[in-house]
file data10.txt (compact mmCIF, C-alpha atoms)
# COMPACT_ATOMS: atom_id res chain seq x y z
CA MET A 989 184.89 208.52 129.80
CA GLN A 990 181.78 207.78 131.85
CA SER A 991 179.87 210.47 129.98
CA LYS A 992 180.78 208.89 126.62
CA LEU A 993 179.72 205.46 127.90
CA VAL A 994 176.33 206.82 128.97
CA GLN A 995 175.91 208.53 125.60
CA THR A 996 176.82 205.32 123.77
CA VAL A 997 174.36 203.25 125.81
CA ALA A 998 171.65 205.86 125.31
CA LEU A 999 172.30 205.86 121.56
CA VAL A 1000 172.16 202.07 121.33
CA VAL A 1001 169.03 201.79 123.48
CA GLY A 1002 167.36 204.70 121.73
CA GLY A 1003 168.25 203.32 118.32
CA GLY A 1004 166.97 199.89 119.31
CA LEU A 1005 163.71 201.33 120.59
CA GLY A 1006 163.36 203.44 117.47
CA PHE A 1007 163.94 200.42 115.26
CA ALA A 1008 161.45 198.35 117.27
CA ALA A 1009 158.87 201.14 117.07
CA TYR A 1010 159.34 201.44 113.31
CA GLU A 1011 159.05 197.69 112.76
CA THR A 1012 155.97 197.55 114.99
CA LEU A 1013 154.17 200.43 113.27
CA THR A 1014 154.93 199.25 109.75
CA GLY A 1015 153.74 195.73 110.52
CA HIS A 1016 156.92 193.89 109.55
CA GLU A 1017 155.86 190.23 109.56
CA LYS A 1018 159.18 188.66 110.58
CA PHE A 1019 159.73 191.20 113.36
CA TYR A 1020 156.35 190.37 114.88
CA LYS A 1021 156.84 186.63 114.49
CA LYS A 1022 160.47 186.38 115.61
CA VAL A 1023 160.83 189.25 118.09
CA LEU A 1024 157.76 191.13 119.27
CA MET A 1025 155.29 188.29 119.84
CA PRO A 1026 157.80 185.86 121.47
CA THR A 1027 159.01 188.66 123.77
CA THR A 1028 155.44 189.54 124.74
CA GLN A 1029 154.71 185.88 125.46
CA LYS A 1030 157.76 185.60 127.71
CA LEU A 1031 156.78 188.68 129.70
CA LEU A 1032 153.02 188.19 129.92
CA SER A 1033 150.71 185.29 130.70
CA GLY A 1034 148.38 184.07 127.98
CA GLU A 1035 145.31 185.78 129.39
CA THR A 1036 147.11 189.05 130.21
CA ALA A 1037 148.49 189.24 126.67
CA HIS A 1038 145.02 188.50 125.32
CA ARG A 1039 143.44 191.29 127.36
CA LEU A 1040 146.19 193.73 126.37
CA GLY A 1041 145.78 192.92 122.68
CA VAL A 1042 142.03 193.46 122.80
CA LYS A 1043 142.48 196.73 124.72
CA LEU A 1044 144.97 198.12 122.19
CA LEU A 1045 142.74 197.15 119.27
CA SER A 1046 139.69 198.64 120.99
CA TYR A 1047 141.17 202.12 120.51
CA GLY A 1048 141.20 201.58 116.75
CA THR A 1049 144.30 203.75 116.38
CA ILE A 1050 145.95 201.76 113.62
CA PRO A 1051 148.27 203.74 111.29
CA PRO A 1052 146.64 204.31 107.86
CA CYS A 1053 149.38 202.40 106.03
CA PHE A 1054 149.16 199.43 108.38
CA PHE A 1055 148.47 196.03 106.76
CA GLN A 1056 146.52 197.38 103.79
CA PHE A 1057 146.11 194.55 101.31
CA GLU A 1058 142.95 193.74 99.42
CA ASP A 1059 142.46 191.99 96.11
CA PRO A 1060 139.22 191.75 94.10
CA ILE A 1061 139.77 188.01 93.77
CA LEU A 1062 139.11 187.66 97.52
CA LYS A 1063 135.77 189.50 97.52
CA SER A 1064 132.65 187.40 97.91
CA LYS A 1065 128.97 187.62 98.77
CA LEU A 1066 127.27 185.31 101.24
CA TRP A 1067 123.91 185.57 103.03
CA GLY A 1068 123.39 188.84 101.21
CA ARG A 1069 126.49 190.33 102.86
CA GLU A 1070 129.57 191.60 101.06
CA PHE A 1071 132.88 190.23 102.37
CA SER A 1072 135.98 192.19 101.35
CA ASN A 1073 137.98 189.01 101.97
CA PRO A 1074 137.25 185.57 103.44
CA ILE A 1075 139.55 185.81 106.49
CA GLY A 1076 137.86 186.47 109.83
CA ILE A 1077 138.74 186.37 113.51
CA ALA A 1078 137.05 183.53 115.38
CA ALA A 1079 134.88 183.96 118.45
CA GLY A 1080 136.85 183.84 121.68
CA PHE A 1081 139.22 186.68 120.85
CA ASP A 1082 136.91 189.70 121.05
CA LYS A 1083 134.74 188.15 123.74
CA HIS A 1084 133.05 191.36 124.86
CA ALA A 1085 132.60 193.19 121.52
CA GLU A 1086 135.31 195.78 122.21
CA ALA A 1087 137.78 195.60 119.32
CA MET A 1088 135.71 195.51 116.13
CA LEU A 1089 137.12 198.72 114.67
CA GLY A 1090 140.75 197.79 115.29
CA LEU A 1091 140.26 194.28 113.91
CA SER A 1092 138.71 195.76 110.79
CA LYS A 1093 141.66 198.11 110.29
CA ILE A 1094 144.25 195.32 110.38
CA GLY A 1095 142.51 193.61 107.51
CA PHE A 1096 139.95 191.08 108.69
CA GLY A 1097 137.01 190.64 106.35
CA PHE A 1098 134.71 189.78 109.22
CA VAL A 1099 134.75 189.62 113.01
CA GLU A 1100 132.86 187.24 115.27
CA VAL A 1101 132.37 188.55 118.81
CA GLY A 1102 131.54 186.47 121.87
CA SER A 1103 130.56 184.02 123.09
CA ILE A 1104 128.11 186.31 124.85
CA THR A 1105 125.86 185.02 127.63
CA PRO A 1106 122.62 186.67 128.82
CA LEU A 1107 124.00 187.62 132.25
CA PRO A 1108 127.58 188.69 132.97
CA GLN A 1109 129.72 185.88 134.32
CA ASP A 1110 133.37 185.48 135.25
CA GLY A 1111 133.97 182.09 133.69
CA ASN A 1112 136.31 179.52 135.18
CA PRO A 1113 139.01 180.20 137.81
CA LEU A 1114 142.48 181.38 136.82
CA PRO A 1115 144.78 180.27 135.31
CA ARG A 1116 142.75 179.18 132.30
CA VAL A 1117 144.88 179.91 129.23
CA PHE A 1118 147.98 177.84 128.45
CA ARG A 1119 150.33 178.28 125.53
CA LEU A 1120 151.92 175.26 123.86
CA PRO A 1121 154.54 177.04 121.69
CA GLU A 1122 156.34 173.82 120.80
CA ASP A 1123 153.10 172.57 119.26
CA LYS A 1124 151.86 175.94 117.93
CA ALA A 1125 148.76 175.46 120.05
CA ILE A 1126 146.76 176.87 122.95
CA ILE A 1127 144.63 175.20 125.60
CA ASN A 1128 141.94 177.35 127.14
CA ARG A 1129 139.22 176.74 129.69
CA TYR A 1130 137.76 180.24 129.86
CA GLY A 1131 134.24 178.95 130.46
CA PHE A 1132 132.24 181.67 128.67
CA ASN A 1133 133.51 184.67 130.63
CA SER A 1134 131.19 187.35 129.31
CA CYS A 1135 130.11 190.95 129.74
CA GLY A 1136 126.46 189.90 129.25
CA HIS A 1137 123.81 190.96 126.77
CA GLU A 1138 123.20 194.46 128.15
CA VAL A 1139 126.79 195.66 127.81
CA ALA A 1140 127.31 193.84 124.50
CA GLU A 1141 124.15 195.41 123.08
CA GLN A 1142 125.41 198.89 123.96
CA ARG A 1143 128.76 198.25 122.30
CA LEU A 1144 127.31 196.68 119.16
CA LYS A 1145 124.77 199.47 118.81
CA SER A 1146 127.46 202.12 119.29
CA TYR A 1147 129.68 200.51 116.66
CA GLN A 1148 126.81 200.30 114.20
CA GLU A 1149 125.83 203.94 114.74
CA ASN A 1150 129.36 205.38 114.71
CA HIS A 1151 130.69 203.39 111.77
CA PRO A 1152 127.80 203.03 109.33
CA ALA A 1153 130.09 203.15 106.31
CA GLU A 1154 132.29 200.30 107.53
CA SER A 1155 132.06 197.23 105.31
CA LEU A 1156 133.07 194.90 108.15
CA VAL A 1157 130.72 191.97 108.65
CA VAL A 1158 130.07 191.37 112.38
CA GLY A 1159 128.88 188.01 113.66
CA VAL A 1160 127.57 187.50 117.20
CA ASN A 1161 128.33 184.20 118.91
CA LEU A 1162 125.82 183.25 121.62
CA GLY A 1163 126.47 181.12 124.68
CA LYS A 1164 124.58 180.07 127.77
CA ASN A 1165 125.10 181.00 131.41
CA LYS A 1166 126.64 178.25 133.48
CA ALA A 1167 123.76 178.23 135.97
CA SER A 1168 120.99 178.23 133.37
CA GLU A 1169 118.55 175.34 133.56
CA ARG A 1170 116.32 176.17 130.58
CA LEU A 1171 119.04 176.07 127.98
CA ASN A 1172 117.08 177.16 124.92
CA ASP A 1173 115.98 180.35 126.69
CA ASP A 1174 119.52 181.76 126.81
CA TYR A 1175 119.95 181.48 123.04
CA VAL A 1176 116.47 182.82 122.33
CA ALA A 1177 117.27 185.81 124.57
CA GLY A 1178 120.46 186.34 122.56
CA ILE A 1179 118.47 186.56 119.34
CA ARG A 1180 115.98 188.95 120.94
CA ASN A 1181 118.60 191.25 122.50
CA LEU A 1182 121.45 191.18 119.98
CA GLY A 1183 119.98 189.96 116.70
CA ALA A 1184 119.31 193.47 115.41
CA TYR A 1185 123.05 194.29 115.53
CA ALA A 1186 124.36 191.08 113.97
CA ASP A 1187 125.20 190.32 110.35
CA TYR A 1188 124.95 186.69 111.42
CA ILE A 1189 124.22 184.83 114.65
CA VAL A 1190 126.09 181.77 115.91
CA ILE A 1191 124.60 179.15 118.21
CA ASN A 1192 127.61 177.83 120.11
CA VAL A 1193 126.81 174.33 121.36
CA SER A 1194 130.35 173.01 121.18
CA SER A 1195 132.57 174.69 123.77
CA PRO A 1196 134.12 172.00 126.00
CA ASN A 1197 134.41 174.37 128.96
CA THR A 1198 130.75 174.68 129.99
CA PRO A 1199 129.31 171.55 131.63
CA GLY A 1200 126.66 169.82 129.54
CA LEU A 1201 126.89 172.23 126.60
CA ARG A 1202 128.02 169.68 124.04
CA ASN A 1203 124.96 167.56 124.82
CA LEU A 1204 123.02 170.15 122.81
CA GLN A 1205 124.67 168.72 119.70
CA GLY A 1206 122.49 165.62 120.08
CA LYS A 1207 119.78 165.32 117.43
CA ASP A 1208 116.71 165.96 119.59
CA HIS A 1209 118.29 168.75 121.67
CA LEU A 1210 119.74 170.44 118.60
CA SER A 1211 116.47 170.27 116.70
CA ALA A 1212 114.48 171.81 119.56
CA LEU A 1213 117.09 174.54 120.08
CA CYS A 1214 117.29 175.47 116.40
CA LYS A 1215 113.51 175.60 116.08
CA ALA A 1216 113.25 177.94 119.09
CA VAL A 1217 116.05 180.16 117.78
CA LEU A 1218 114.62 180.37 114.25
CA GLU A 1219 111.17 181.19 115.62
CA GLU A 1220 112.62 184.12 117.57
CA ARG A 1221 114.84 185.19 114.66
CA ASN A 1222 111.82 185.36 112.38
CA LYS A 1223 110.29 188.03 114.64
CA LEU A 1224 113.11 190.49 113.89
CA PRO A 1225 112.68 193.30 111.33
CA THR A 1226 115.71 191.95 109.47
CA LEU A 1227 116.58 188.27 109.47
CA PRO A 1228 120.24 187.62 110.33
CA PRO A 1229 121.51 184.23 109.17
CA VAL A 1230 121.69 181.60 111.92
CA LEU A 1231 124.78 179.38 112.09
CA VAL A 1232 125.65 176.46 114.35
CA LYS A 1233 129.19 175.88 115.64
CA VAL A 1234 130.16 172.25 116.14
CA ALA A 1235 132.95 170.38 117.90
CA PRO A 1236 135.63 168.40 116.08
CA ASP A 1237 135.09 165.46 118.45
CA LEU A 1238 132.09 163.95 116.64
CA ASN A 1239 131.51 160.36 115.64
CA GLU A 1240 129.97 159.37 112.32
CA GLU A 1241 126.45 159.11 113.73
CA ASP A 1242 126.75 162.56 115.33
CA LYS A 1243 127.79 164.09 112.01
CA LYS A 1244 124.88 162.53 110.14
CA ASP A 1245 122.38 163.58 112.80
CA ILE A 1246 123.63 167.18 112.87
CA ALA A 1247 123.65 167.43 109.08
CA LYS A 1248 120.11 166.05 108.91
CA VAL A 1249 118.78 168.53 111.49
CA LEU A 1250 120.49 171.52 109.89
CA THR A 1251 119.37 170.71 106.36
CA GLU A 1252 115.79 169.92 107.37
CA LEU A 1253 115.46 173.16 109.33
CA GLU A 1254 117.31 175.15 106.66
CA ILE A 1255 119.92 176.53 109.04
CA ASP A 1256 121.96 179.16 107.20
CA GLY A 1257 125.49 178.06 108.02
CA LEU A 1258 127.89 175.86 109.93
CA ILE A 1259 131.15 176.68 111.70
CA VAL A 1260 133.65 173.83 111.66
CA SER A 1261 135.10 173.56 114.21
CA ASN A 1262 135.50 174.50 117.85
CA THR A 1263 138.42 173.40 120.05
CA THR A 1264 139.06 169.72 120.75
CA ILE A 1265 139.22 167.79 124.02
CA SER A 1266 141.40 165.13 122.39
CA ARG A 1267 145.18 165.14 122.80
CA SER A 1268 147.37 163.83 120.02
CA PRO A 1269 150.35 161.69 121.10
CA SER A 1270 152.47 164.04 118.99
CA LEU A 1271 152.06 166.92 121.48
CA THR A 1272 155.36 167.71 123.18
CA ASP A 1273 154.78 170.85 125.26
CA PRO A 1274 154.51 170.30 129.05
CA ASN A 1275 151.18 172.15 129.07
CA LYS A 1276 149.60 169.37 127.04
CA THR A 1277 148.18 167.85 130.24
CA GLU A 1278 146.03 170.89 131.04
CA THR A 1279 142.28 170.41 130.71
CA GLY A 1280 140.28 172.53 128.29
CA GLY A 1281 139.87 173.03 124.57
CA LEU A 1282 142.93 172.62 122.36
CA SER A 1283 143.27 174.93 119.35
CA GLY A 1284 145.93 175.64 116.77
CA LEU A 1285 148.06 173.46 114.51
CA PRO A 1286 147.09 170.10 116.09
CA VAL A 1287 143.47 170.73 115.08
CA LYS A 1288 144.21 171.59 111.44
CA GLU A 1289 143.69 168.20 109.83
CA MET A 1290 140.84 167.29 112.18
CA SER A 1291 139.01 170.46 111.20
CA THR A 1292 139.63 170.04 107.46
CA ASP A 1293 138.43 166.43 107.54
CA LEU A 1294 135.26 167.55 109.30
CA ILE A 1295 134.71 170.27 106.68
CA LYS A 1296 134.98 167.57 104.00
CA ASP A 1297 132.44 165.40 105.80
CA PHE A 1298 129.85 168.13 106.40
CA TYR A 1299 130.22 169.44 102.85
CA GLN A 1300 129.33 165.96 101.61
CA LEU A 1301 126.59 165.30 104.19
CA THR A 1302 124.84 168.59 103.41
CA LYS A 1303 125.46 168.25 99.64
CA GLY A 1304 127.13 171.64 99.75
CA SER A 1305 123.80 173.28 100.58
CA ILE A 1306 124.94 174.90 103.84
CA PRO A 1307 127.83 177.40 103.74
CA ILE A 1308 130.70 176.45 106.03
CA ILE A 1309 133.10 178.68 107.94
CA GLY A 1310 136.32 176.71 108.36
CA VAL A 1311 138.42 177.26 111.46
CA GLY A 1312 141.27 175.34 113.05
CA GLY A 1313 145.02 175.43 112.53
CA VAL A 1314 145.15 178.01 109.71
CA GLU A 1315 148.63 179.59 109.66
CA ASN A 1316 149.04 180.65 106.05
CA GLY A 1317 147.30 181.09 102.72
CA ALA A 1318 147.84 177.45 101.76
CA ASP A 1319 146.02 176.27 104.90
CA ALA A 1320 143.11 178.58 104.14
CA TYR A 1321 143.06 177.47 100.51
CA ASP A 1322 142.98 173.81 101.52
CA LYS A 1323 139.89 174.35 103.67
CA ILE A 1324 138.20 176.35 100.91
CA LYS A 1325 138.90 173.69 98.29
CA ASN A 1326 137.35 171.11 100.61
CA GLY A 1327 134.12 173.05 101.14
CA ALA A 1328 134.63 176.13 103.33
CA SER A 1329 133.18 179.41 102.08
CA LEU A 1330 134.96 181.53 104.69
CA ILE A 1331 137.92 181.06 107.04
CA GLN A 1332 138.58 182.08 110.64
CA ILE A 1333 141.84 182.23 112.58
CA TYR A 1334 142.66 182.67 116.26
CA THR A 1335 145.67 180.77 117.64
CA SER A 1336 147.98 181.70 114.76
CA PHE A 1337 146.96 185.33 115.28
CA THR A 1338 148.06 185.18 118.92
CA TYR A 1339 151.46 183.70 117.98
CA ASN A 1340 152.21 185.83 114.91
CA GLY A 1341 150.39 189.09 115.55
CA PRO A 1342 148.43 191.29 113.11
CA PRO A 1343 150.74 190.84 110.07
CA ILE A 1344 149.52 187.27 109.64
CA VAL A 1345 146.18 188.56 108.34
CA ASN A 1346 147.86 190.34 105.44
CA ALA A 1347 150.18 187.41 104.78
CA ILE A 1348 147.35 184.88 104.56
CA LYS A 1349 145.36 187.09 102.18
CA LYS A 1350 148.35 187.70 99.92
CA GLU A 1351 149.28 184.05 99.64
CA LEU A 1352 145.66 182.97 99.16
CA ALA A 1353 145.22 185.48 96.32
CA GLU A 1354 148.42 184.24 94.66
CA LEU A 1355 147.33 180.60 94.91
CA LEU A 1356 143.91 181.34 93.45
CA LYS A 1357 145.44 183.21 90.52
CA SER A 1358 148.04 180.52 89.85
CA ASP A 1359 145.24 177.94 89.62
CA GLY A 1360 143.28 180.10 87.22
CA PHE A 1361 140.38 181.13 89.45
CA GLU A 1362 138.73 184.50 88.95
CA ASN A 1363 137.18 184.60 92.42
CA VAL A 1364 137.65 182.78 95.71
CA SER A 1365 134.06 181.54 95.57
CA ASP A 1366 134.90 179.51 92.47
CA ALA A 1367 137.33 177.36 94.47
CA ILE A 1368 134.85 176.25 97.15
CA GLY A 1369 134.69 172.44 97.27
CA ILE A 1370 136.77 172.00 94.12
CA ASP A 1371 138.77 169.15 95.74
CA ASN A 1372 135.70 167.61 97.37
CA PRO A 1373 133.05 167.09 94.67
CA ILE A 1374 129.64 166.08 95.95
CA GLU A 1375 129.23 162.33 95.73
CA LYS A 1376 126.17 161.23 93.79
CA VAL A 1377 123.97 158.62 95.40
CA GLU A 1378 123.65 155.57 93.20
CA VAL A 1379 120.01 154.56 92.74
CA ALA A 1380 119.46 150.91 91.98
CA GLN A 1381 117.38 150.36 88.87
CA ILE A 1382 114.55 147.88 89.09
CA THR A 1383 113.69 145.89 86.00
CA ILE A 1384 110.03 144.98 85.68
CA THR A 1385 109.36 141.71 83.87

call {"tool": "encode", "arguments": {"input": "data10.txt", "output": "structure tokens"}}
result
Amino acid sequence: MQSKLVQTVALVVGGGLGFAAYETLTGHEKFYKKVLMPTTQKLLSGETAHRLGVKLLSYGTIPPCFFQFEDPILKSKLWGREFSNPIGIAAGFDKHAEAMLGLSKIGFGFVEVGSITPLPQDGNPLPRVFRLPEDKAIINRYGFNSCGHEVAEQRLKSYQENHPAESLVVGVNLGKNKASERLNDDYVAGIRNLGAYADYIVINVSSPNTPGLRNLQGKDHLSALCKAVLEERNKLPTLPPVLVKVAPDLNEEDKKDIAKVLTELEIDGLIVSNTTISRSPSLTDPNKTETGGLSGLPVKEMSTDLIKDFYQLTKGSIPIIGVGGVENGADAYDKIKNGASLIQIYTSFTYNGPPIVNAIKKELAELLKSDGFENVSDAIGIDNPIEKVEVAQITIT
């Protein structure tokens, strides 16, 4: 009797594990969303789960049949680079440039590593990552924990040399060390040390977790920083595009000043937006009181509104990467129709796992086709036409 009971338990457990393994390897979207990811989040802290995910992806051992979905309608060209699709992973996930190969294999069209600071630094004390599952959000106060330029350079160089045929576009997000006094120097050093390995470079002046960083968004500071960065960029054999990442917590004057600086200096792109320090009254999760940058669903409308504003302020002349609260193809499509050329995700990836990448691309392709578009680029800004400035006519008598 006891022997039969043991055999029955072993069969049930073994069958359950086998089923779980099959669902995991085949990338079943509902299994990840309803079972695997929630279970992982119950067992592991936010930062531990983050580290584990990056480590697993760093091995690049993704089954060949895993999440393979591409559609010609999603292909585009920007800054002279070919993007297989417009969905990328935002900076903050692969902080130390470890998981580029794995992220490519699960279907991202581009990966942004970092933020990377010149010297290694630990960032802020633990705990510093807080899930808000009731609000589909995360609050983090990592504080630019970074492996530093030297280690990042080795990893980026190795990836470039070992995977020359990979079509993945790799962006490098630069940050500053907490103790730095000459702020521009950290970003200039990033261009000098990492620019040769980047398909594009991001000047991150909008993280809320490094004291004084957001002050660099001010007109004079931003202008001086961009000039210094562009001067250093122009010394490189190849010229990677330079983008600026802004916060969602900007007033109207801030937006106009930033747009003016970026257009006058001919900055190549804009990332809209970083995490927010604001807290909507609609938040219900107990972790809503934690300090740090809030990302996820609560930022969706804020980010889209900011994309609309910058698309208008720059007259559509500066390509925008839209990020904030994207959970499905419709969310991505909405940002594209309001002016975004590319899309990044992060928080929804941590809640839903790798299958979300495939799901977003599929739905986006279907929406584009149903609206009669031949290519995703044709939909950029379609719902946000550039407003013409009325010029008063003077009658001479």

call {"tool": "closest_residue", "arguments": {"input": "data10.txt", "among": "A:Phe1096, A:Phe1081, A:Phe1118, A:Phe1071", "to": "A:Phe1132", "atoms": "all atoms listed in the file"}}
result
A:Phe1081

call {"tool": "residues_around", "arguments": {"input": "data10.txt", "residues": "stretch 1251-1263 of chain A", "least_positions_apart": "2", "cutoff": "7 Å", "atoms": "all atoms listed in the file", "output": "count of residues only"}}
result
28

call {"tool": "closest_residue", "arguments": {"input": "data10.txt", "among": "A:Leu1224, A:Lys1303, A:Gly1178, A:Glu1315", "to": "A:Gly1341", "atoms": "all atoms listed in the file"}}
result
A:Glu1315

call {"tool": "closest_residue", "arguments": {"input": "data10.txt", "among": "A:Asn1133, A:Ser1365, A:Thr1036, A:Asn1197", "to": "A:Ile1104", "atoms": "only C-alpha atoms"}}
result
A:Asn1133

call {"tool": "residues_around", "arguments": {"input": "data10.txt", "residues": "A:Asp1174", "least_positions_apart": "4", "cutoff": "12 Å", "atoms": "only C-alpha atoms", "output": "list in words"}}
result
Ser1103, Ile1104, Thr1105, Pro1106, Leu1107, Gly1136, His1137, Leu1162, Gly1163, Lys1164, Asn1165, Lys1166, Ala1167, Ser1168, Glu1169, Arg1170, Gly1178, Ile1179, Arg1180, Asn1181, Leu1182, Ile1191, Asn1192, Val1193, Leu1213, Ala1216, Val1217 and Glu1220 of chain A

call {"tool": "residues_around", "arguments": {"input": "data10.txt", "residues": "A:Leu1114", "least_positions_apart": "4", "cutoff": "10 Å", "atoms": "only C-alpha atoms", "output": "list in words"}}
result
Glu1035, Arg1129 and Tyr1130 of chain A

call {"tool": "atom_distance", "arguments": {"input": "data10.txt", "atom1": "atom CA of A:Glu1138", "atom2": "atom CA of A:Asp1173"}}
result
15.9 Å

call {"tool": "closest_residue", "arguments": {"input": "data10.txt", "among": "A:Asn1172, A:Thr1292, A:Asn1222, A:Asn1203", "to": "A:Asp1242", "atoms": "all atoms listed in the file"}}
result
A:Asn1203

call {"tool": "residues_around", "arguments": {"input": "data10.txt", "residues": "A:Lys1065", "least_positions_apart": "6", "cutoff": "12 Å", "atoms": "all atoms listed in the file", "output": "MDAnalysis selection string"}}
result
chainID A and resid 1071:1074 1097 1157 1307 1329:1330 1363:1366

call {"tool": "closest_residue", "arguments": {"input": "data10.txt", "among": "A:Asp1293, A:Asp1359, A:Asp1059, A:Glu1100", "to": "A:Tyr1188", "atoms": "only C-alpha atoms"}}
result
A:Glu1100

call {"tool": "decode", "arguments": {"input": "data10.txt", "residues": "stretch 1244-1256 of chain A", "atoms": "N, CA, C and O atoms", "output": "PDB file, in the first residue's frame"}}
result
ATOM      1  N   LYS A1244       9.965  72.570 -23.299  1.00  0.00           N
ATOM      2  CA  LYS A1244      10.345  73.497 -24.370  1.00  0.00           C
ATOM      3  C   LYS A1244      11.849  73.725 -24.388  1.00  0.00           C
ATOM      4  O   LYS A1244      12.472  73.760 -25.458  1.00  0.00           O
ATOM      5  N   ASP A1245      12.439  73.872 -23.203  1.00  0.00           N
ATOM      6  CA  ASP A1245      13.890  74.089 -23.123  1.00  0.00           C
ATOM      7  C   ASP A1245      14.657  72.885 -23.656  1.00  0.00           C
ATOM      8  O   ASP A1245      15.626  73.030 -24.410  1.00  0.00           O
ATOM      9  N   ILE A1246      14.235  71.695 -23.239  1.00  0.00           N
ATOM     10  CA  ILE A1246      14.920  70.467 -23.689  1.00  0.00           C
ATOM     11  C   ILE A1246      14.790  70.315 -25.199  1.00  0.00           C
ATOM     12  O   ILE A1246      15.763  70.032 -25.895  1.00  0.00           O
ATOM     13  N   ALA A1247      13.583  70.500 -25.711  1.00  0.00           N
ATOM     14  CA  ALA A1247      13.367  70.373 -27.156  1.00  0.00           C
ATOM     15  C   ALA A1247      14.222  71.372 -27.925  1.00  0.00           C
ATOM     16  O   ALA A1247      14.786  71.041 -28.979  1.00  0.00           O
ATOM     17  N   LYS A1248      14.339  72.580 -27.417  1.00  0.00           N
ATOM     18  CA  LYS A1248      15.126  73.614 -28.086  1.00  0.00           C
ATOM     19  C   LYS A1248      16.606  73.231 -28.134  1.00  0.00           C
ATOM     20  O   LYS A1248      17.265  73.345 -29.175  1.00  0.00           O
ATOM     21  N   VAL A1249      17.135  72.760 -26.992  1.00  0.00           N
ATOM     22  CA  VAL A1249      18.543  72.356 -26.936  1.00  0.00           C
ATOM     23  C   VAL A1249      18.813  71.198 -27.899  1.00  0.00           C
ATOM     24  O   VAL A1249      19.778  71.218 -28.666  1.00  0.00           O
ATOM     25  N   LEU A1250      17.958  70.200 -27.854  1.00  0.00           N
ATOM     26  CA  LEU A1250      18.188  68.999 -28.665  1.00  0.00           C
ATOM     27  C   LEU A1250      18.086  69.280 -30.164  1.00  0.00           C
ATOM     28  O   LEU A1250      18.853  68.726 -30.953  1.00  0.00           O
ATOM     29  N   THR A1251      17.143  70.123 -30.554  1.00  0.00           N
ATOM     30  CA  THR A1251      17.009  70.433 -31.972  1.00  0.00           C
ATOM     31  C   THR A1251      18.152  71.328 -32.451  1.00  0.00           C
ATOM     32  O   THR A1251      18.684  71.121 -33.547  1.00  0.00           O
ATOM     33  N   GLU A1252      18.540  72.288 -31.641  1.00  0.00           N
ATOM     34  CA  GLU A1252      19.627  73.193 -32.039  1.00  0.00           C
ATOM     35  C   GLU A1252      20.956  72.449 -32.170  1.00  0.00           C
ATOM     36  O   GLU A1252      21.756  72.740 -33.063  1.00  0.00           O
ATOM     37  N   LEU A1253      21.190  71.492 -31.286  1.00  0.00           N
ATOM     38  CA  LEU A1253      22.451  70.744 -31.324  1.00  0.00           C
ATOM     39  C   LEU A1253      22.372  69.504 -32.229  1.00  0.00           C
ATOM     40  O   LEU A1253      23.354  68.786 -32.372  1.00  0.00           O
ATOM     41  N   GLU A1254      21.202  69.275 -32.782  1.00  0.00           N
ATOM     42  CA  GLU A1254      20.979  68.133 -33.680  1.00  0.00           C
ATOM     43  C   GLU A1254      21.303  66.802 -33.000  1.00  0.00           C
ATOM     44  O   GLU A1254      21.967  65.928 -33.568  1.00  0.00           O
ATOM     45  N   ILE A1255      20.802  66.662 -31.778  1.00  0.00           N
ATOM     46  CA  ILE A1255      20.883  65.380 -31.076  1.00  0.00           C
ATOM     47  C   ILE A1255      20.076  64.357 -31.869  1.00  0.00           C
ATOM     48  O   ILE A1255      19.033  64.662 -32.449  1.00  0.00           O
ATOM     49  N   ASP A1256      20.551  63.120 -31.894  1.00  0.00           N
ATOM     50  CA  ASP A1256      19.990  62.114 -32.800  1.00  0.00           C
ATOM     51  C   ASP A1256      18.687  61.481 -32.335  1.00  0.00           C
ATOM     52  O   ASP A1256      17.936  60.932 -33.157  1.00  0.00           O
TER      53      ASP A1256
END
